[in-house]
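Undergrad: Take this structure, written in C-alpha cells, and hold onto it; I'll ask about it next.
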Amino acid sequence: MPADGYLERLKREGRIVVVGASLAGLRAAETLRTEGFAGTLTMVGDEPYEPYDRPPLSKGVLLGRTTPDHTALPRRRALEADWRLGTAATGLDMAAKRVRLDDGEEVEYDRLLITTGVRARPWPHDGEAGLDGVFVLRTRDDATALQKRLADGPRRVVVIGAGFTGSEIASACRERDIPVTVAERGASPLVGALGGVIGQVAAELQREHGVDLRTGVMVTGLEGDSAGRVRAAHLSDGSSVETDIVVVALGATRNTEWLAGSGLGAGPRGIACDAGCRAFDIRGIVTDDVFVAGDVARSPHPLFGYQFLSLEHWGNAVSQAETAAHNMLCESVDRRPHMWVPAFWSSQFGVNIKSVGVPSMGTELLISQGSLAERRFVGVYGYQDRVIGAVTFDQARWLPFYEHLIQTTAPFPPPFPTVDRRPEGARPVPADFPDPSVPTHGPTVTLSGYSPADRRMTFTPGRH
Amino acid sequence: MTQGSLLRQILEYENRHDPYPLYAELRKTPVLNEDDGAYVVSTYHEVLSLLHDPRVSSDSRNMTQSAGIDLQDQQEEETTLPPSFIRLDPPEHDRLRRLTNTSFGPPHEPRRVHEMRGELGGIVSDLIGGIGDSGRIDLVEQFSYPFPVTVICRLLGVPREDEPRFHGWADTLAASLDPMPGEDPTERDKLTQKARTELGMYLAGLIEERRKNPQKDMLSELAVHKGPDGSMTTMELLSTAALLLVAGHETTVNLITNGMLTLLRNPQVLERLRTDPDLSVPLVEELLRFEPPVQLVPNRTTLADIEIAGVTIPKGASLWLVVAAGNRDPLRFEDPDRFDPDREDVRHLGFGSGVHSCFGAPLARLEAQVALSELARRLVNPRLLEDPPEYRRNAVLRGPRHLPIACDDIRP
C-alpha cells in the first residue's frame, strides 16, 4: 500500500471500532491510544459491564473471597472512547465498513478490531439447560449467580466436564466443604490439555480432596422436580446423582454468529487471520481493515508447523491485542507478527499448574524435575524428537527455561541432567492423550489446517 | 587491561564506590571466561536465563575444587550447621523454603508482612526521633542498621538486647561472602566457622525455650510447626534461622543506605518523595535496579555443558552472575545509568529470580519504602557530608559503611 498519508489521517482523525469489550478489547484500545491514535474509538460490548477479569471468577469469586464487581480490569491509561456497553454487534458490512448493533444503530469504521471471544458451551438439551440450578461459568453474571447458590449451602454440586474450568469449580466447592461430583467423559481430569499421565495426578488430587470423581462416563440427562429445579443428574453407567446444582463445564463456543454472511472467514472455530492479526475473508484472502485478537482469533504459528492455533489464554489475549493494535496503525513493513508462545495457568486444590507451548501436540512425556507422586514436578512434552510443551505443578519458576527450549526447537528428550532429577525422569513415557476423534471436554487448544506459506522457511533443521 | 583481570578489579576495594564503569566493560563479553576458570555472566538476558536454568546448581557439593578465585573452598560441611536453603537445590531447597514460608507468607500467612506496616512506621519514627545532633548524622549507625535489625529480631523473636552479640556474628558471616578478603583466608575461615558455631548455639538456646513456651513469632512457629512436609529438624531450623537473621541484617541496611545516598544525589526526586510518599513504591523498585544491595551471585555451578551467548560453559564450572551489571544492561533498560523512579518497565534482578529469588523481598520492599519516605518527610534540607562515602569491604553485599549527612532540622 502506498504511503499516501492514509495512515497519518487514520491516526489523526480516523474511526476505529472495537467489537468485544473484554481483556483483548481493552488492551488493544489502550495500545491504540498509546501508539498515537487520536481519532474516534468506539468500544462495543454485549455485557453491561466495563471490561473485567475472568480468571478470578472460577477461583476467588467462587470461594467468596472476592466479589464479581471487584474484578474490573485495571486501566493502563485513559481511553476517551465511546463505550457501547450492553450492546451486541449483530452484523458486519465489509463493503460499506459498518457494524450493525442490536439497538438498530450502525457504526462506521475505517479499521475494525474483533475481540468477541468465546462463550460457555451450554447444556445441549434446552429443557434441561433451563432448569433452575443449572449453570455455566463464563461471565460475571454467571459467577454472581453460582456463588450465591454455593453460599446457600447446597447438598451437592455436580460438575459436568473436568477440564480446567470444571476442575477449578470442583476445587472451590471442596474448599467450601460442599460435596461435589465431577463427571468426565475422558479417562481423567485435564486429559485433553495435559494427557493421561498428568491426568492421573489430577485425578488423585481431586479424590484426595474428597471429590466424587466419575471418569469414563457421560451425563445423559438432567432431571428436575415439579417446581423446575434440578434434582438429579443421570449418568451413562446407569447411576444417578442427587444434586441441587449442576455446572456445565464443557468448554467454549466462539462468538462468530454475528458475522454470518459478512464474507469474513468466521466460523465455529473462530476467525482465521494471518500472523499479523488481519482477518481472512471466506476466499482466504487477507483483509486490510479487519483485525482480530484474543480467544476468537485463529492464527498460524511458525513454531508449531504453521498450524492455526486458537488459544483461550489470558496472556495470549493481551499479547495478540497489542500486536493487532500496533499493526492497525502501521505500514505493512512495520507490522509485527503475533508469535506468542502459548502459556496457561490454573489454580486448583492448592496446586499451581502452569503450562507453556502446546502440550497436547506432545506424544511423549518426560518428568524432568521433581516427582509425580509428590505432585511437584516439571513435565516436558516431546513431539517428533523436539520439545513441544511443558507443564509444572508447583514448580513454575523453572518454566522460562522450558519455554526457551520450545522456542529453540530443542531435542527431546533433553540430553542433559537437571537439579531434582528422579529415577522416574530417566526416560520418556507416552503422554497418553486421548484419540482426538473421540471428544472429551473442549480442549484448550484447537489445532487445524495449514497456511499456504512455505513451511520449510523457518523450521530449525531436525536433529535426528 | 586484560579481560581476565576485570573481575579482580571489580573485587578490588578501591573500585567499591563505583563499580559501574567496570560492569559496562564486563558486559562487552557477556560470558567471560576468567583466567582461573570461573565464568562471569553480566548481561541481563543471560543472567536471567541462568537463574532459571535447572542445569545450574546452588549446592556447593556440586562445585569442583579447581574453579573460582580461591573462593569458599571452605564450606558449611566443615562447620556445625548444615547448609541453609540458599545453598541447596530442590527438592531439599523447596522443602525448607516452603516450611519457612508457613510462618512468613502465603498461603499460610498471606498478610504477615503487610500487617507489619504500622509497626515498621513506629520503629522508623522512634529512630528518627532519637537522632539528636542533626548537624552530623551517620545514617548507617543511627538508622539504616538498627531499623532492619529491630524488625528481624521482632519477627523471629530474638531479644533485641542480644543484638550486640549477634551483630558480631552476622558481620563475620556476611564478610565470609566477600570473594576477596583482605586478610589471611585460613584465619578468616576459622573466624567464620567460630561465628557460625556460636550463632548456632545461641539460636539453639532460644529455640529450646520457644519449644517449651511458644510465642507469636517465627522461631516459635517454625519450632512447633507440623504440616504435610513434616517439620524441620533442629539443625535445619538453626541454619534457617541463621540465614534469616544474617540476610535480614546485611541487605536491607544497604538498600536503605544506598537509597538515601541516591536520593541525596538526586535532590529533585527526594523533594518529590517528601510530598508524595506513594512514590516510594516505584522508587524502591528502581533503586533495586540501580543500586542493588546484592551485586553478584558467586556460588553457582553447572551440572552440564551450557551454551549461552555463543559460549559453552563446561560442566562443573564456577559461575558468577553479576546481577548489578545485568540491571544496567542497555540492551534491556533504556538509559540504564539514569536513576528514574518513573521507569515503566523495571523488572530488575535486584532480588534475583527463579527458585532462589529473595525470600525476604516483600519485607525488604516494605522496610525500604517506609524508611525512605519517612526520612524524606522528616529531614529538613538534608545533604551529603561526604561523597562518595566510605564503603564496606564486601563486593557481594555492597553498601556504605558510614553515610555522614547533615540537615537543618528534623520535623516532628
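Labels for the C-alpha cells follow display order: chains A, B, ..., residues from 1 in each chain, ligands from 1.
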Can you list every residue in region 328-417 of chain A that DSSP puts in strand (DSSP E), as a count of residues only?
TA: 37
Undergrad: Skip Ile308 (chain B) itself and residues of its chain fewer than 3 positions away, then list as a list in words all residues within 10 Å of it, counting only C-alpha atoms.
TA: Pro30, Val31, Val41, Glu46, Val47, Ser49, Leu50, Asp305, Val311, Thr312 and Ile313 of chain B
Undergrad: Residues of the last selection are to be written out with N, CA and C atoms, as a PDB file, in the first residue's frame.
TA:
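And here is the file that came out, result-v5.pdb:
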ATOM      1  N   PRO B  30      29.673 -10.873  27.281  1.00  0.00           N
ATOM      2  CA  PRO B  30      28.556 -11.287  28.155  1.00  0.00           C
ATOM      3  C   PRO B  30      28.871 -12.513  29.001  1.00  0.00           C
ATOM      4  N   VAL B  31      29.627 -13.456  28.422  1.00  0.00           N
ATOM      5  CA  VAL B  31      30.032 -14.625  29.206  1.00  0.00           C
ATOM      6  C   VAL B  31      31.552 -14.652  29.171  1.00  0.00           C
ATOM      7  N   VAL B  41      29.058 -13.896  34.156  1.00  0.00           N
ATOM      8  CA  VAL B  41      27.977 -13.544  33.243  1.00  0.00           C
ATOM      9  C   VAL B  41      27.378 -12.221  33.703  1.00  0.00           C
ATOM     10  N   GLU B  46      21.125 -13.011  29.744  1.00  0.00           N
ATOM     11  CA  GLU B  46      21.912 -14.207  30.041  1.00  0.00           C
ATOM     12  C   GLU B  46      21.848 -14.529  31.542  1.00  0.00           C
ATOM     13  N   VAL B  47      21.968 -13.504  32.384  1.00  0.00           N
ATOM     14  CA  VAL B  47      21.866 -13.739  33.831  1.00  0.00           C
ATOM     15  C   VAL B  47      20.488 -14.310  34.163  1.00  0.00           C
ATOM     16  N   SER B  49      18.400 -15.906  32.291  1.00  0.00           N
ATOM     17  CA  SER B  49      18.179 -17.259  31.807  1.00  0.00           C
ATOM     18  C   SER B  49      18.926 -18.266  32.689  1.00  0.00           C
ATOM     19  N   LEU B  50      20.103 -17.922  33.159  1.00  0.00           N
ATOM     20  CA  LEU B  50      20.833 -18.870  34.019  1.00  0.00           C
ATOM     21  C   LEU B  50      20.188 -19.002  35.396  1.00  0.00           C
ATOM     22  N   ASP B 305      27.225 -29.102  30.349  1.00  0.00           N
ATOM     23  CA  ASP B 305      27.686 -28.030  29.475  1.00  0.00           C
ATOM     24  C   ASP B 305      26.485 -27.151  29.136  1.00  0.00           C
ATOM     25  N   VAL B 311      28.906 -19.087  23.922  1.00  0.00           N
ATOM     26  CA  VAL B 311      29.979 -19.678  24.718  1.00  0.00           C
ATOM     27  C   VAL B 311      29.447 -20.955  25.359  1.00  0.00           C
ATOM     28  N   THR B 312      30.264 -21.990  25.400  1.00  0.00           N
ATOM     29  CA  THR B 312      29.854 -23.183  26.123  1.00  0.00           C
ATOM     30  C   THR B 312      30.519 -23.181  27.491  1.00  0.00           C
ATOM     31  N   ILE B 313      29.709 -23.049  28.506  1.00  0.00           N
ATOM     32  CA  ILE B 313      30.226 -23.117  29.868  1.00  0.00           C
ATOM     33  C   ILE B 313      30.283 -24.598  30.217  1.00  0.00           C
TER      34      ILE B 313
END
Undergrad: Show me, as a VMD selection string, the residues of chain B whose atoms get within 12 Å of chain A, using only C-alpha atoms for the distance check.
TA: chain B and resid 45 to 46 48 to 59 62 88 to 95 98 106 to 108 228 to 229 301 to 308 315 344 352 to 357
Undergrad: For Ala317 (chain B), find every residue with an atom within 8 Å (counting only C-alpha atoms), except residues of its own chain fewer than 3 positions away, and show them as a compact mmCIF listing (two decimals) with N, CA and C atoms, in the first residue's frame.
TA:
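Written out: out_38.txt:
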# COMPACT_ATOMS: atom_id res chain seq x y z
N GLY B 37 39.39 -20.00 35.39
CA GLY B 37 38.37 -20.99 35.07
C GLY B 37 36.95 -20.55 35.38
N ALA B 38 36.77 -19.52 36.20
CA ALA B 38 35.41 -19.08 36.53
C ALA B 38 34.75 -18.43 35.31
N TYR B 39 33.45 -18.54 35.22
CA TYR B 39 32.69 -17.89 34.15
C TYR B 39 31.85 -16.78 34.76
N MET B 63 30.26 -28.27 43.39
CA MET B 63 31.37 -27.44 42.92
C MET B 63 32.61 -28.31 42.75
N THR B 64 33.30 -28.08 41.63
CA THR B 64 34.60 -28.73 41.53
C THR B 64 35.62 -27.83 42.19
N ALA B 67 37.65 -24.64 40.38
CA ALA B 67 37.03 -23.43 39.85
C ALA B 67 36.98 -22.30 40.86
N THR B 301 27.09 -23.40 40.17
CA THR B 301 27.93 -24.25 39.33
C THR B 301 27.06 -25.00 38.32
N THR B 302 27.68 -25.53 37.27
CA THR B 302 26.92 -26.13 36.17
C THR B 302 26.92 -27.65 36.29
N ILE B 313 29.71 -23.05 28.51
CA ILE B 313 30.23 -23.12 29.87
C ILE B 313 30.28 -24.60 30.22
N PRO B 314 31.49 -25.11 30.53
CA PRO B 314 31.58 -26.56 30.74
C PRO B 314 30.94 -27.00 32.06
Undergrad: Can you pull out every residue within 7 Å of region 262-271 of chain B, counting only C-alpha atoms, but drop anything in the same chain fewer than 4 positions away, and send it as a PyMOL selection string?
TA: chain B and resi 258+275+376+383-384
Undergrad: List the neighbours of region 116-130 of chain A out to 8 Å using only C-alpha atoms; skip same-chain residues closer than 3 positions along the sequence, and give me the result as a list in words.
TA: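 Close residues of region 116-130 of chain A: Val19, Gly20, Ala21, Ser22, Val134, Phe135, Val136, Leu137, Arg138, Gly221, Leu222, Glu223, Gly224, Val248, Ala249, Leu250, Gly251, Ala252, Thr253, Arg254, Asn255, Thr256, Gly294, Asp295, Val296 and Ala297 of chain A.
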Undergrad: How would the residues just chosen look if you wrote them out with N, CA, C and O atoms as a short mmCIF file (atom, residue, chain, number, x, y, z; two decimals), in the first residue's frame?
TA:
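Wrote selection-v2.cif, looks like this:
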data_model
loop_
_atom_site.label_atom_id
_atom_site.label_comp_id
_atom_site.auth_asym_id
_atom_site.auth_seq_id
_atom_site.Cartn_x
_atom_site.Cartn_y
_atom_site.Cartn_z
N VAL A 19 -15.05 -4.38 18.54
CA VAL A 19 -16.22 -5.15 18.96
C VAL A 19 -15.75 -6.23 19.93
O VAL A 19 -14.98 -7.11 19.55
N GLY A 20 -16.21 -6.14 21.16
CA GLY A 20 -15.74 -7.05 22.20
C GLY A 20 -15.00 -6.25 23.26
O GLY A 20 -13.87 -5.82 23.03
N ALA A 21 -15.65 -6.01 24.38
CA ALA A 21 -15.08 -5.11 25.40
C ALA A 21 -14.61 -5.92 26.60
O ALA A 21 -15.00 -5.66 27.73
N SER A 22 -13.77 -6.89 26.33
CA SER A 22 -13.20 -7.63 27.44
C SER A 22 -11.68 -7.39 27.44
O SER A 22 -11.23 -6.36 26.97
N VAL A 134 -29.11 -25.04 37.13
CA VAL A 134 -28.15 -25.45 36.10
C VAL A 134 -27.38 -24.21 35.63
O VAL A 134 -27.99 -23.22 35.21
N PHE A 135 -26.06 -24.26 35.75
CA PHE A 135 -25.24 -23.09 35.46
C PHE A 135 -24.16 -23.40 34.44
O PHE A 135 -23.77 -24.55 34.25
N VAL A 136 -23.68 -22.33 33.80
CA VAL A 136 -22.38 -22.37 33.16
C VAL A 136 -21.55 -21.30 33.86
O VAL A 136 -22.07 -20.53 34.66
N LEU A 137 -20.25 -21.26 33.59
CA LEU A 137 -19.42 -20.23 34.23
C LEU A 137 -18.51 -19.61 33.20
O LEU A 137 -17.52 -20.21 32.78
N ARG A 138 -18.89 -18.41 32.79
CA ARG A 138 -18.03 -17.69 31.85
C ARG A 138 -18.03 -16.20 32.17
O ARG A 138 -17.03 -15.54 32.11
N GLY A 221 -28.62 -37.14 31.18
CA GLY A 221 -29.80 -36.30 31.33
C GLY A 221 -29.84 -35.64 32.69
O GLY A 221 -29.24 -36.12 33.66
N LEU A 222 -30.53 -34.50 32.74
CA LEU A 222 -30.73 -33.79 34.00
C LEU A 222 -32.22 -33.85 34.31
O LEU A 222 -33.06 -33.66 33.44
N GLU A 223 -32.50 -34.12 35.57
CA GLU A 223 -33.91 -34.30 35.95
C GLU A 223 -34.31 -33.17 36.88
O GLU A 223 -33.57 -32.82 37.82
N GLY A 224 -35.50 -32.59 36.64
CA GLY A 224 -35.98 -31.53 37.51
C GLY A 224 -37.15 -32.00 38.35
O GLY A 224 -37.74 -33.04 38.09
N VAL A 248 -22.29 -26.84 34.10
CA VAL A 248 -21.90 -27.40 32.81
C VAL A 248 -20.58 -26.75 32.40
O VAL A 248 -20.51 -25.54 32.17
N ALA A 249 -19.52 -27.55 32.37
CA ALA A 249 -18.19 -27.02 32.05
C ALA A 249 -17.64 -27.78 30.87
O ALA A 249 -16.70 -28.56 30.98
N LEU A 250 -18.27 -27.59 29.73
CA LEU A 250 -17.95 -28.38 28.54
C LEU A 250 -17.22 -27.56 27.50
O LEU A 250 -17.38 -27.76 26.29
N GLY A 251 -16.43 -26.59 27.97
CA GLY A 251 -15.66 -25.81 27.01
C GLY A 251 -16.46 -24.65 26.45
O GLY A 251 -17.48 -24.26 27.00
N ALA A 252 -15.97 -24.12 25.35
CA ALA A 252 -16.46 -22.84 24.87
C ALA A 252 -16.80 -22.87 23.40
O ALA A 252 -16.34 -23.72 22.65
N THR A 253 -17.64 -21.92 23.02
CA THR A 253 -18.03 -21.73 21.64
C THR A 253 -17.62 -20.32 21.22
O THR A 253 -17.79 -19.39 21.99
N ARG A 254 -17.09 -20.18 20.03
CA ARG A 254 -16.62 -18.86 19.62
C ARG A 254 -17.77 -17.96 19.16
O ARG A 254 -18.70 -18.42 18.50
N ASN A 255 -17.68 -16.72 19.55
CA ASN A 255 -18.76 -15.77 19.26
C ASN A 255 -18.59 -15.19 17.86
O ASN A 255 -18.06 -14.09 17.69
N THR A 256 -19.02 -15.96 16.87
CA THR A 256 -18.84 -15.50 15.49
C THR A 256 -20.16 -15.49 14.72
O THR A 256 -20.16 -15.10 13.54
N GLY A 294 -7.40 -12.24 20.47
CA GLY A 294 -7.96 -12.91 21.64
C GLY A 294 -8.54 -14.28 21.32
O GLY A 294 -8.20 -14.90 20.31
N ASP A 295 -9.43 -14.74 22.19
CA ASP A 295 -9.95 -16.11 22.11
C ASP A 295 -10.62 -16.42 20.77
O ASP A 295 -10.68 -17.58 20.36
N VAL A 296 -11.16 -15.40 20.12
CA VAL A 296 -11.94 -15.66 18.90
C VAL A 296 -11.02 -15.79 17.68
O VAL A 296 -11.43 -16.29 16.64
N ALA A 297 -9.76 -15.40 17.83
CA ALA A 297 -8.84 -15.41 16.68
C ALA A 297 -8.19 -16.78 16.51
O ALA A 297 -8.05 -17.54 17.46
#
Undergrad: Hey, what's within 10 Å of Thr40 (chain A) if we count only C-alpha atoms and toss same-chain stuff fewer than 5 positions away? As a PDB file with all heavy atoms, in the first residue's frame, please?
TA:
ATOM      1  N   LEU A  10      -5.591   8.460   9.329  1.00  0.00           N
ATOM      2  CA  LEU A  10      -6.262   7.493  10.210  1.00  0.00           C
ATOM      3  C   LEU A  10      -5.906   7.784  11.669  1.00  0.00           C
ATOM      4  O   LEU A  10      -6.776   7.839  12.533  1.00  0.00           O
ATOM      5  CB  LEU A  10      -5.842   6.060   9.852  1.00  0.00           C
ATOM      6  CG  LEU A  10      -6.363   4.963  10.793  1.00  0.00           C
ATOM      7  CD1 LEU A  10      -7.855   4.732  10.587  1.00  0.00           C
ATOM      8  CD2 LEU A  10      -5.602   3.647  10.603  1.00  0.00           C
ATOM      9  N   LYS A  11      -4.636   7.985  11.909  1.00  0.00           N
ATOM     10  CA  LYS A  11      -4.203   8.225  13.288  1.00  0.00           C
ATOM     11  C   LYS A  11      -4.792   9.519  13.833  1.00  0.00           C
ATOM     12  O   LYS A  11      -5.159   9.618  14.996  1.00  0.00           O
ATOM     13  CB  LYS A  11      -2.667   8.314  13.354  1.00  0.00           C
ATOM     14  CG  LYS A  11      -1.969   6.978  13.422  1.00  0.00           C
ATOM     15  CD  LYS A  11      -0.472   7.212  13.565  1.00  0.00           C
ATOM     16  CE  LYS A  11       0.178   6.105  14.369  1.00  0.00           C
ATOM     17  NZ  LYS A  11       1.608   6.307  14.554  1.00  0.00           N
ATOM     18  N   ARG A  12      -4.880  10.520  12.968  1.00  0.00           N
ATOM     19  CA  ARG A  12      -5.300  11.847  13.419  1.00  0.00           C
ATOM     20  C   ARG A  12      -6.807  11.920  13.604  1.00  0.00           C
ATOM     21  O   ARG A  12      -7.306  12.400  14.602  1.00  0.00           O
ATOM     22  CB  ARG A  12      -4.821  12.887  12.403  1.00  0.00           C
ATOM     23  CG  ARG A  12      -4.683  14.292  12.948  1.00  0.00           C
ATOM     24  CD  ARG A  12      -4.000  15.216  11.953  1.00  0.00           C
ATOM     25  NE  ARG A  12      -4.647  15.215  10.643  1.00  0.00           N
ATOM     26  CZ  ARG A  12      -4.039  14.819   9.529  1.00  0.00           C
ATOM     27  NH1 ARG A  12      -2.780  14.413   9.558  1.00  0.00           N
ATOM     28  NH2 ARG A  12      -4.682  14.837   8.366  1.00  0.00           N
ATOM     29  N   GLU A  13      -7.549  11.430  12.617  1.00  0.00           N
ATOM     30  CA  GLU A  13      -8.988  11.672  12.658  1.00  0.00           C
ATOM     31  C   GLU A  13      -9.817  10.467  12.214  1.00  0.00           C
ATOM     32  O   GLU A  13     -10.989  10.589  11.909  1.00  0.00           O
ATOM     33  CB  GLU A  13      -9.334  12.883  11.791  1.00  0.00           C
ATOM     34  CG  GLU A  13      -8.918  12.692  10.345  1.00  0.00           C
ATOM     35  CD  GLU A  13      -8.804  14.017   9.587  1.00  0.00           C
ATOM     36  OE1 GLU A  13      -8.575  15.053  10.244  1.00  0.00           O
ATOM     37  OE2 GLU A  13      -8.962  14.007   8.366  1.00  0.00           O
ATOM     38  N   GLY A  14      -9.179   9.293  12.173  1.00  0.00           N
ATOM     39  CA  GLY A  14      -9.881   8.111  11.695  1.00  0.00           C
ATOM     40  C   GLY A  14     -10.880   7.570  12.713  1.00  0.00           C
ATOM     41  O   GLY A  14     -10.993   8.086  13.825  1.00  0.00           O
ATOM     42  N   ARG A  15     -11.602   6.507  12.289  1.00  0.00           N
ATOM     43  CA  ARG A  15     -12.580   5.870  13.172  1.00  0.00           C
ATOM     44  C   ARG A  15     -12.190   4.399  13.331  1.00  0.00           C
ATOM     45  O   ARG A  15     -12.060   3.677  12.348  1.00  0.00           O
ATOM     46  CB  ARG A  15     -13.981   5.957  12.562  1.00  0.00           C
ATOM     47  CG  ARG A  15     -14.482   7.383  12.383  1.00  0.00           C
ATOM     48  CD  ARG A  15     -15.570   7.441  11.344  1.00  0.00           C
ATOM     49  NE  ARG A  15     -15.089   6.950  10.049  1.00  0.00           N
ATOM     50  CZ  ARG A  15     -15.838   6.866   8.943  1.00  0.00           C
ATOM     51  NH1 ARG A  15     -17.113   7.218   8.991  1.00  0.00           N
ATOM     52  NH2 ARG A  15     -15.335   6.405   7.827  1.00  0.00           N
ATOM     53  N   ILE A  16     -11.991   4.011  14.582  1.00  0.00           N
ATOM     54  CA  ILE A  16     -11.708   2.606  14.853  1.00  0.00           C
ATOM     55  C   ILE A  16     -12.804   2.063  15.762  1.00  0.00           C
ATOM     56  O   ILE A  16     -13.163   2.693  16.761  1.00  0.00           O
ATOM     57  CB  ILE A  16     -10.316   2.409  15.500  1.00  0.00           C
ATOM     58  CG1 ILE A  16      -9.221   2.739  14.464  1.00  0.00           C
ATOM     59  CG2 ILE A  16     -10.150   0.987  16.024  1.00  0.00           C
ATOM     60  CD1 ILE A  16      -7.805   2.543  14.968  1.00  0.00           C
ATOM     61  N   VAL A  17     -13.346   0.924  15.372  1.00  0.00           N
ATOM     62  CA  VAL A  17     -14.369   0.265  16.190  1.00  0.00           C
ATOM     63  C   VAL A  17     -13.779  -1.032  16.725  1.00  0.00           C
ATOM     64  O   VAL A  17     -13.177  -1.803  15.972  1.00  0.00           O
ATOM     65  CB  VAL A  17     -15.641  -0.020  15.358  1.00  0.00           C
ATOM     66  CG1 VAL A  17     -16.644  -0.832  16.167  1.00  0.00           C
ATOM     67  CG2 VAL A  17     -16.268   1.289  14.881  1.00  0.00           C
ATOM     68  N   GLU A  80     -10.652   7.667  26.455  1.00  0.00           N
ATOM     69  CA  GLU A  80     -11.522   8.592  25.718  1.00  0.00           C
ATOM     70  C   GLU A  80     -12.216   7.868  24.578  1.00  0.00           C
ATOM     71  O   GLU A  80     -12.092   8.233  23.419  1.00  0.00           O
ATOM     72  CB  GLU A  80     -10.724   9.784  25.204  1.00  0.00           C
ATOM     73  CG  GLU A  80     -10.355  10.742  26.321  1.00  0.00           C
ATOM     74  CD  GLU A  80      -9.153  11.569  25.947  1.00  0.00           C
ATOM     75  OE1 GLU A  80      -9.210  12.205  24.893  1.00  0.00           O
ATOM     76  OE2 GLU A  80      -8.161  11.558  26.706  1.00  0.00           O
ATOM     77  N   ALA A  81     -12.956   6.817  24.971  1.00  0.00           N
ATOM     78  CA  ALA A  81     -13.665   6.021  23.975  1.00  0.00           C
ATOM     79  C   ALA A  81     -15.162   6.238  24.107  1.00  0.00           C
ATOM     80  O   ALA A  81     -15.656   6.672  25.147  1.00  0.00           O
ATOM     81  CB  ALA A  81     -13.337   4.542  24.167  1.00  0.00           C
ATOM     82  N   ASP A  82     -15.853   5.932  23.017  1.00  0.00           N
ATOM     83  CA  ASP A  82     -17.312   5.927  23.062  1.00  0.00           C
ATOM     84  C   ASP A  82     -17.740   4.499  23.404  1.00  0.00           C
ATOM     85  O   ASP A  82     -17.615   3.599  22.572  1.00  0.00           O
ATOM     86  CB  ASP A  82     -17.834   6.357  21.677  1.00  0.00           C
ATOM     87  CG  ASP A  82     -19.338   6.256  21.591  1.00  0.00           C
ATOM     88  OD1 ASP A  82     -19.994   6.205  22.653  1.00  0.00           O
ATOM     89  OD2 ASP A  82     -19.858   6.225  20.456  1.00  0.00           O
ATOM     90  N   TYR A 109     -16.631   2.420  10.374  1.00  0.00           N
ATOM     91  CA  TYR A 109     -15.228   2.345  10.795  1.00  0.00           C
ATOM     92  C   TYR A 109     -14.302   2.529   9.607  1.00  0.00           C
ATOM     93  O   TYR A 109     -14.695   2.265   8.458  1.00  0.00           O
ATOM     94  CB  TYR A 109     -14.933   0.992  11.459  1.00  0.00           C
ATOM     95  CG  TYR A 109     -15.119  -0.204  10.548  1.00  0.00           C
ATOM     96  CD1 TYR A 109     -14.110  -0.594   9.662  1.00  0.00           C
ATOM     97  CD2 TYR A 109     -16.295  -0.938  10.573  1.00  0.00           C
ATOM     98  CE1 TYR A 109     -14.273  -1.683   8.819  1.00  0.00           C
ATOM     99  CE2 TYR A 109     -16.467  -2.027   9.728  1.00  0.00           C
ATOM    100  CZ  TYR A 109     -15.456  -2.406   8.854  1.00  0.00           C
ATOM    101  OH  TYR A 109     -15.633  -3.473   8.021  1.00  0.00           O
ATOM    102  N   ASP A 110     -13.099   2.946   9.913  1.00  0.00           N
ATOM    103  CA  ASP A 110     -12.014   2.869   8.938  1.00  0.00           C
ATOM    104  C   ASP A 110     -11.232   1.583   9.159  1.00  0.00           C
ATOM    105  O   ASP A 110     -10.778   0.951   8.232  1.00  0.00           O
ATOM    106  CB  ASP A 110     -11.100   4.085   9.065  1.00  0.00           C
ATOM    107  CG  ASP A 110     -11.838   5.362   8.752  1.00  0.00           C
ATOM    108  OD1 ASP A 110     -12.425   5.441   7.656  1.00  0.00           O
ATOM    109  OD2 ASP A 110     -11.874   6.265   9.618  1.00  0.00           O
TER     110      ASP A 110
END
Undergrad: Mind pulling up the distance from CA of Leu7 (chain A) to CA of Cys273 (chain A)?
TA: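 Computing it gives 21.2 Å between the two atoms.
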Undergrad: DSSP on the backbone: which residues in region 211-339 of chain B end up as helix (DSSP H, G or I)? Give the answer as number ranges by chain.
TA: B: 211-212, 218-224, 234-250, 252-265, 267-275, 277-290, 323-326
Undergrad: Pick the closest to Leu120 (chain B) from B:Asp329, B:Glu198, B:Glu367, B:Glu285: which is it, counting only C-alpha atoms?
TA: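 Going through B:Asp329, B:Glu198, B:Glu367, B:Glu285 one by one, the smallest distance to Leu120 (chain B) is for B:Glu367.
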Undergrad: Any idea what's packed within 10 Å of Thr257 (chain B), counting only C-alpha atoms, ignoring anything in its chain fewer than 2 positions away? Could you give it as a PyMOL selection string?
TA: chain B and resi 139-140+143-145+251-255+259-263+293+368+371-372+399-403
Undergrad: Work out how far CA of Asp141 (chain A) is from CA of Ala72 (chain A), in Å to one decimal.
TA: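 Separation of CA of Ala72 (chain A) and CA of Asp141 (chain A): 13.2 Å.
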Undergrad: My list of candidates is A:His70, A:Arg156, A:His326, A:Arg84. Which is closest to Val107 (chain A) when distances are computed with only C-alpha atoms?
TA: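 Residue with the minimum atom-to-atom distance to Val107 (chain A): A:Arg84.
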